[in-house]
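S.K.: To be precise about what I am sending: the file is called protein_0.pdb and holds PDB, C-alpha atoms.
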```
ATOM      1  CA  MET P  43     157.822  93.086 118.863  1.00  0.00           C
ATOM      2  CA  GLU P  44     156.483  94.024 122.283  1.00  0.00           C
ATOM      3  CA  ALA P  45     159.987  94.052 123.758  1.00  0.00           C
ATOM      4  CA  ALA P  46     161.288  96.228 120.910  1.00  0.00           C
ATOM      5  CA  SER P  47     158.336  98.586 121.302  1.00  0.00           C
ATOM      6  CA  GLY P  48     158.938  98.897 125.032  1.00  0.00           C
ATOM      7  CA  LEU P  49     162.595  99.714 124.523  1.00  0.00           C
ATOM      8  CA  PHE P  50     161.661 102.253 121.857  1.00  0.00           C
ATOM      9  CA  ALA P  51     159.152 103.946 124.168  1.00  0.00           C
ATOM     10  CA  GLU P  52     161.632 104.073 127.042  1.00  0.00           C
ATOM     11  CA  GLY P  53     164.809 105.059 125.244  1.00  0.00           C
ATOM     12  CA  GLY P  54     164.097 106.015 121.670  1.00  0.00           C
ATOM     13  CA  PHE P  55     165.825 104.640 118.604  1.00  0.00           C
ATOM     14  CA  ASP P  56     169.178 104.076 120.291  1.00  0.00           C
ATOM     15  CA  ALA P  57     167.612 101.661 122.772  1.00  0.00           C
ATOM     16  CA  VAL P  58     166.381  99.295 120.044  1.00  0.00           C
ATOM     17  CA  ARG P  59     169.203  96.856 119.357  1.00  0.00           C
ATOM     18  CA  HIS P  60     169.038  93.163 118.527  1.00  0.00           C
ATOM     19  CA  ARG P  61     170.783  92.172 121.755  1.00  0.00           C
ATOM     20  CA  ALA P  62     168.663  94.458 123.968  1.00  0.00           C
ATOM     21  CA  VAL P  63     165.429  93.232 122.382  1.00  0.00           C
ATOM     22  CA  ALA P  64     166.450  89.591 122.796  1.00  0.00           C
ATOM     23  CA  GLU P  65     167.349  90.183 126.449  1.00  0.00           C
ATOM     24  CA  ARG P  66     164.086  92.020 127.141  1.00  0.00           C
ATOM     25  CA  ALA P  67     162.060  89.259 125.461  1.00  0.00           C
ATOM     26  CA  GLY P  68     164.019  86.502 127.201  1.00  0.00           C
ATOM     27  CA  LEU P  69     165.059  84.993 123.865  1.00  0.00           C
ATOM     28  CA  PRO P  70     168.394  84.077 122.344  1.00  0.00           C
ATOM     29  CA  LEU P  71     170.033  86.757 120.210  1.00  0.00           C
ATOM     30  CA  ALA P  72     169.700  84.542 117.145  1.00  0.00           C
ATOM     31  CA  SER P  73     165.920  84.823 117.309  1.00  0.00           C
ATOM     32  CA  THR P  74     165.894  88.577 116.688  1.00  0.00           C
ATOM     33  CA  THR P  75     168.428  88.370 113.895  1.00  0.00           C
ATOM     34  CA  TYR P  76     166.461  85.491 112.342  1.00  0.00           C
ATOM     35  CA  TYR P  77     163.214  87.481 112.150  1.00  0.00           C
ATOM     36  CA  PHE P  78     164.767  90.881 111.453  1.00  0.00           C
ATOM     37  CA  ASP P  79     167.573  90.934 108.889  1.00  0.00           C
ATOM     38  CA  SER P  80     168.642  94.446 109.774  1.00  0.00           C
ATOM     39  CA  LEU P  81     168.438  96.941 112.574  1.00  0.00           C
ATOM     40  CA  ASP P  82     166.259  99.122 110.320  1.00  0.00           C
ATOM     41  CA  GLU P  83     163.710  96.276 110.082  1.00  0.00           C
ATOM     42  CA  LEU P  84     163.751  95.830 113.862  1.00  0.00           C
ATOM     43  CA  ILE P  85     163.287  99.555 114.467  1.00  0.00           C
ATOM     44  CA  THR P  86     160.474  99.705 111.906  1.00  0.00           C
ATOM     45  CA  ALA P  87     158.715  96.829 113.663  1.00  0.00           C
ATOM     46  CA  ALA P  88     159.141  98.553 117.044  1.00  0.00           C
ATOM     47  CA  VAL P  89     157.790 101.874 115.764  1.00  0.00           C
ATOM     48  CA  GLU P  90     154.846 100.205 114.047  1.00  0.00           C
ATOM     49  CA  PHE P  91     153.938  98.066 117.054  1.00  0.00           C
ATOM     50  CA  HIS P  92     154.218 101.076 119.372  1.00  0.00           C
ATOM     51  CA  GLY P  93     152.222 103.389 117.108  1.00  0.00           C
ATOM     52  CA  ARG P  94     149.456 100.908 116.339  1.00  0.00           C
ATOM     53  CA  SER P  95     149.165  99.931 120.012  1.00  0.00           C
ATOM     54  CA  GLU P  96     148.730 103.565 121.022  1.00  0.00           C
ATOM     55  CA  LEU P  97     146.161 104.206 118.300  1.00  0.00           C
ATOM     56  CA  SER P  98     144.226 101.069 119.238  1.00  0.00           C
ATOM     57  CA  SER P  99     144.200 102.061 122.891  1.00  0.00           C
ATOM     58  CA  PHE P 100     142.870 105.508 122.045  1.00  0.00           C
ATOM     59  CA  ARG P 101     140.197 104.123 119.720  1.00  0.00           C
ATOM     60  CA  HIS P 102     139.033 101.935 122.591  1.00  0.00           C
ATOM     61  CA  ARG P 103     139.029 104.905 124.989  1.00  0.00           C
ATOM     62  CA  LEU P 104     137.114 107.013 122.491  1.00  0.00           C
ATOM     63  CA  SER P 105     134.314 104.455 122.335  1.00  0.00           C
ATOM     64  CA  SER P 106     133.775 104.846 126.081  1.00  0.00           C
ATOM     65  CA  LEU P 107     133.649 108.655 126.079  1.00  0.00           C
ATOM     66  CA  PRO P 108     130.305 110.414 126.225  1.00  0.00           C
ATOM     67  CA  GLU P 109     128.904 112.007 123.114  1.00  0.00           C
ATOM     68  CA  GLN P 110     128.771 115.795 123.188  1.00  0.00           C
ATOM     69  CA  MET P 111     131.862 115.864 125.424  1.00  0.00           C
ATOM     70  CA  THR P 112     132.865 119.113 127.072  1.00  0.00           C
ATOM     71  CA  ASP P 113     135.831 121.156 125.913  1.00  0.00           C
ATOM     72  CA  ASP P 114     137.780 119.974 128.961  1.00  0.00           C
ATOM     73  CA  VAL P 115     137.266 116.298 128.121  1.00  0.00           C
ATOM     74  CA  LEU P 116     138.066 116.964 124.461  1.00  0.00           C
ATOM     75  CA  VAL P 117     141.260 118.870 125.318  1.00  0.00           C
ATOM     76  CA  GLU P 118     142.473 116.217 127.763  1.00  0.00           C
ATOM     77  CA  PHE P 119     141.838 113.433 125.246  1.00  0.00           C
ATOM     78  CA  MET P 120     143.666 115.363 122.521  1.00  0.00           C
ATOM     79  CA  LEU P 121     146.618 116.008 124.826  1.00  0.00           C
ATOM     80  CA  ASP P 122     146.765 112.363 125.883  1.00  0.00           C
ATOM     81  CA  LEU P 123     146.834 111.447 122.214  1.00  0.00           C
ATOM     82  CA  LEU P 124     149.399 114.009 121.062  1.00  0.00           C
ATOM     83  CA  VAL P 125     151.562 114.691 124.122  1.00  0.00           C
ATOM     84  CA  GLY P 126     151.189 111.585 126.253  1.00  0.00           C
ATOM     85  CA  GLU P 127     149.035 110.480 129.116  1.00  0.00           C
ATOM     86  CA  ASP P 128     151.365 111.251 132.028  1.00  0.00           C
ATOM     87  CA  ALA P 129     151.065 114.986 132.593  1.00  0.00           C
ATOM     88  CA  THR P 130     153.787 114.984 135.253  1.00  0.00           C
ATOM     89  CA  ASP P 131     156.540 113.126 133.399  1.00  0.00           C
ATOM     90  CA  ILE P 132     158.363 115.871 131.496  1.00  0.00           C
ATOM     91  CA  GLU P 133     161.107 113.427 130.469  1.00  0.00           C
ATOM     92  CA  ALA P 134     158.531 111.149 128.796  1.00  0.00           C
ATOM     93  CA  VAL P 135     157.097 114.103 126.851  1.00  0.00           C
ATOM     94  CA  LEU P 136     160.572 115.182 125.795  1.00  0.00           C
ATOM     95  CA  LEU P 137     161.433 111.639 124.702  1.00  0.00           C
ATOM     96  CA  ARG P 138     158.177 111.410 122.736  1.00  0.00           C
ATOM     97  CA  TYR P 139     159.039 114.558 120.772  1.00  0.00           C
ATOM     98  CA  GLU P 140     162.659 113.503 120.307  1.00  0.00           C
ATOM     99  CA  ARG P 141     161.400 110.257 118.768  1.00  0.00           C
ATOM    100  CA  LEU P 142     159.117 112.178 116.410  1.00  0.00           C
ATOM    101  CA  VAL P 143     161.900 114.488 115.268  1.00  0.00           C
ATOM    102  CA  ALA P 144     164.436 111.664 114.958  1.00  0.00           C
ATOM    103  CA  THR P 145     162.037 109.757 112.733  1.00  0.00           C
ATOM    104  CA  GLY P 146     162.663 112.369 110.044  1.00  0.00           C
ATOM    105  CA  ARG P 147     166.294 111.258 109.845  1.00  0.00           C
ATOM    106  CA  ARG P 148     165.268 107.712 108.969  1.00  0.00           C
ATOM    107  CA  PRO P 149     163.927 107.613 105.396  1.00  0.00           C
ATOM    108  CA  TYR P 150     163.005 103.938 105.728  1.00  0.00           C
ATOM    109  CA  LEU P 151     160.359 104.953 108.293  1.00  0.00           C
ATOM    110  CA  ARG P 152     158.638 107.576 106.124  1.00  0.00           C
ATOM    111  CA  PRO P 153     155.973 105.290 104.577  1.00  0.00           C
ATOM    112  CA  LEU P 154     155.066 103.888 107.991  1.00  0.00           C
ATOM    113  CA  MET P 155     154.988 107.327 109.620  1.00  0.00           C
ATOM    114  CA  ARG P 156     152.739 108.647 106.837  1.00  0.00           C
ATOM    115  CA  ALA P 157     150.343 105.750 107.417  1.00  0.00           C
ATOM    116  CA  LEU P 158     150.346 106.211 111.207  1.00  0.00           C
ATOM    117  CA  SER P 159     149.934 109.965 110.783  1.00  0.00           C
ATOM    118  CA  THR P 160     146.903 109.442 108.543  1.00  0.00           C
ATOM    119  CA  GLU P 161     145.363 107.153 111.168  1.00  0.00           C
ATOM    120  CA  LEU P 162     146.098 109.708 113.909  1.00  0.00           C
ATOM    121  CA  ARG P 163     144.423 112.485 111.942  1.00  0.00           C
ATOM    122  CA  GLY P 164     141.410 110.255 111.322  1.00  0.00           C
ATOM    123  CA  LEU P 165     141.206 109.471 115.026  1.00  0.00           C
ATOM    124  CA  ILE P 166     141.307 113.174 115.881  1.00  0.00           C
ATOM    125  CA  ALA P 167     138.500 113.824 113.392  1.00  0.00           C
ATOM    126  CA  ASP P 168     136.554 110.981 115.068  1.00  0.00           C
ATOM    127  CA  VAL P 169     137.115 112.601 118.483  1.00  0.00           C
ATOM    128  CA  PHE P 170     135.599 115.826 117.216  1.00  0.00           C
ATOM    129  CA  ALA P 171     132.735 114.022 115.499  1.00  0.00           C
ATOM    130  CA  ARG P 172     131.993 112.176 118.745  1.00  0.00           C
ATOM    131  CA  SER P 173     131.896 115.522 120.522  1.00  0.00           C
ATOM    132  CA  GLY P 174     129.317 116.780 118.030  1.00  0.00           C
ATOM    133  CA  ARG P 175     131.703 119.034 116.121  1.00  0.00           C
ATOM    134  CA  ASP P 176     132.496 118.907 112.447  1.00  0.00           C
ATOM    135  CA  ILE P 177     136.168 119.435 111.666  1.00  0.00           C
ATOM    136  CA  ASP P 178     137.952 119.369 108.337  1.00  0.00           C
ATOM    137  CA  SER P 179     141.441 118.035 107.670  1.00  0.00           C
ATOM    138  CA  ASP P 180     142.972 121.526 107.554  1.00  0.00           C
ATOM    139  CA  ARG P 181     141.674 122.270 111.050  1.00  0.00           C
ATOM    140  CA  VAL P 182     143.023 118.938 112.318  1.00  0.00           C
ATOM    141  CA  GLU P 183     146.455 119.896 110.946  1.00  0.00           C
ATOM    142  CA  GLU P 184     146.173 123.321 112.567  1.00  0.00           C
ATOM    143  CA  LEU P 185     145.342 121.890 116.001  1.00  0.00           C
ATOM    144  CA  ILE P 186     148.140 119.308 115.841  1.00  0.00           C
ATOM    145  CA  ALA P 187     150.597 122.053 114.864  1.00  0.00           C
ATOM    146  CA  LEU P 188     149.312 124.236 117.692  1.00  0.00           C
ATOM    147  CA  VAL P 189     149.836 121.505 120.286  1.00  0.00           C
ATOM    148  CA  ASP P 190     153.203 120.385 118.915  1.00  0.00           C
ATOM    149  CA  GLY P 191     154.451 123.952 118.586  1.00  0.00           C
ATOM    150  CA  SER P 192     153.333 124.796 122.113  1.00  0.00           C
ATOM    151  CA  VAL P 193     155.104 121.767 123.551  1.00  0.00           C
ATOM    152  CA  VAL P 194     158.354 122.362 121.654  1.00  0.00           C
ATOM    153  CA  ASN P 195     158.285 126.056 122.531  1.00  0.00           C
ATOM    154  CA  SER P 196     157.772 125.219 126.206  1.00  0.00           C
ATOM    155  CA  PHE P 197     160.940 123.097 126.064  1.00  0.00           C
ATOM    156  CA  ILE P 198     162.869 125.958 124.469  1.00  0.00           C
ATOM    157  CA  GLU P 199     161.621 128.403 127.118  1.00  0.00           C
ATOM    158  CA  LEU P 200     162.395 125.850 129.860  1.00  0.00           C
ATOM    159  CA  LYS P 201     158.802 125.801 131.082  1.00  0.00           C
ATOM    160  CA  SER P 202     158.131 122.918 133.433  1.00  0.00           C
ATOM    161  CA  ASP P 203     154.625 122.129 132.204  1.00  0.00           C
ATOM    162  CA  PRO P 204     154.556 121.594 128.426  1.00  0.00           C
ATOM    163  CA  ARG P 205     151.213 119.811 128.621  1.00  0.00           C
ATOM    164  CA  GLY P 206     149.700 122.710 130.567  1.00  0.00           C
ATOM    165  CA  VAL P 207     151.006 125.196 128.002  1.00  0.00           C
ATOM    166  CA  ALA P 208     149.531 123.125 125.167  1.00  0.00           C
ATOM    167  CA  ALA P 209     146.225 122.786 127.057  1.00  0.00           C
ATOM    168  CA  ARG P 210     145.882 126.561 127.401  1.00  0.00           C
ATOM    169  CA  MET P 211     146.619 127.094 123.715  1.00  0.00           C
ATOM    170  CA  LEU P 212     144.220 124.344 122.621  1.00  0.00           C
ATOM    171  CA  ARG P 213     141.395 125.613 124.880  1.00  0.00           C
ATOM    172  CA  SER P 214     141.892 129.113 123.515  1.00  0.00           C
ATOM    173  CA  ALA P 215     141.815 127.880 119.916  1.00  0.00           C
ATOM    174  CA  LEU P 216     138.661 125.824 120.535  1.00  0.00           C
ATOM    175  CA  SER P 217     136.866 128.696 122.220  1.00  0.00           C
ATOM    176  CA  ARG P 218     137.626 131.016 119.279  1.00  0.00           C
ATOM    177  CA  HIS P 219     136.150 128.516 116.826  1.00  0.00           C
ATOM    178  CA  ALA P 220     133.198 127.328 118.868  1.00  0.00           C
TER     179      ALA P 220
END
```
Would you encode the structure as structure tokens?

M.R.:
Amino acid sequence: MEAASGLFAEGGFDAVRHRAVAERAGLPLASTTYYFDSLDELITAAVEFHGRSELSSFRHRLSSLPEQMTDDVLVEFMLDLLVGEDATDIEAVLLRYERLVATGRRPYLRPLMRALSTELRGLIADVFARSGRDIDSDRVEELIALVDGSVVNSFIELKSDPRGVAARMLRSALSRHA
């Protein structure tokens, strides 16, 4: 699972293949085909492991953040959660968004993605609650759309800092609704 998740994070859906996972894990090919009857099952396991690992990591980070966090801390946490933690790796951000879009072409992933999305939205609400701000589910959706739209638009406009663009938009939105 960890090997499949790593391949998924590094190369998207096309990188997750029975042979590649077995090689990465140092196992015989038969072991991946034994536990995963199809490539769809293997990809689902990789996406779930990756998504749940990220959410768990962020829940742990959230518990160590101060209450009543500043807008800057809140924005950086949100961007780490939605865009990725490495602000300088444009390729990683692009790959992250390609994976999200490509998920829509895989109907077998829809139930899992709905579940992970619900957990993500709950985590974002928890971030705001920890910062002393009440936020409803519509506002969570709005802020996610703002960040995602800013990032995708920065790719279209060939801007070299999608995270910076999203940060400016998110700070502006938070200051208007303070």

S.K.: Residues within 12 Å of Arg141 in chain P, please, as a list of chain:residue names. Count only C-alpha atoms; anything in the same chain fewer than 5 positions from it doesn't count.

M.R.: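 Surrounding residues, per the criterion: P:Phe50, P:Ala51, P:Glu52, P:Gly53, P:Gly54, P:Phe55, P:Asp56, P:Ala57, P:Ile85, P:Val89, P:His92, P:Gly93, P:Ala134, P:Val135, P:Leu136, P:Gly146, P:Arg147, P:Arg148, P:Leu151, P:Met155.
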
S.K.: Taking all atoms listed in the file into account, which of P:Glu44, P:Glu199, P:Glu90, P:Glu83 comes nearest Leu158 in chain P?

M.R.: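 Smallest distance to Leu158 in chain P is found for P:Glu90.
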
S.K.: Between CA of Val115 in chain P and CA of Ala209 in chain P, measure the distance and give it in Å to one decimal.

M.R.: 11.1 Å

S.K.: What is the CA of Leu212 in chain P to CA of Ser47 in chain P distance in Å?

M.R.: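 CA of Leu212 in chain P sits 29.4 Å away from CA of Ser47 in chain P.
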
S.K.: Step by step, work through what the PyMOL selection byres ((chain P and resi 95-109) around 12) selects in the shown file, and finish by giving those residues as number ranges by chain.

M.R.: P: 43-44, 47-48, 51, 87-94, 110-113, 115-116, 118-127, 157-175

S.K.: May I have the protein, DNA and RNA residues with an atom at most 12 Å from (156.0, 119.4, 125.7), counting all atoms listed in the file in the file's coordinates, returned as a PyMOL selection string?

M.R.: chain P and resi 121-122+124-140+188-209
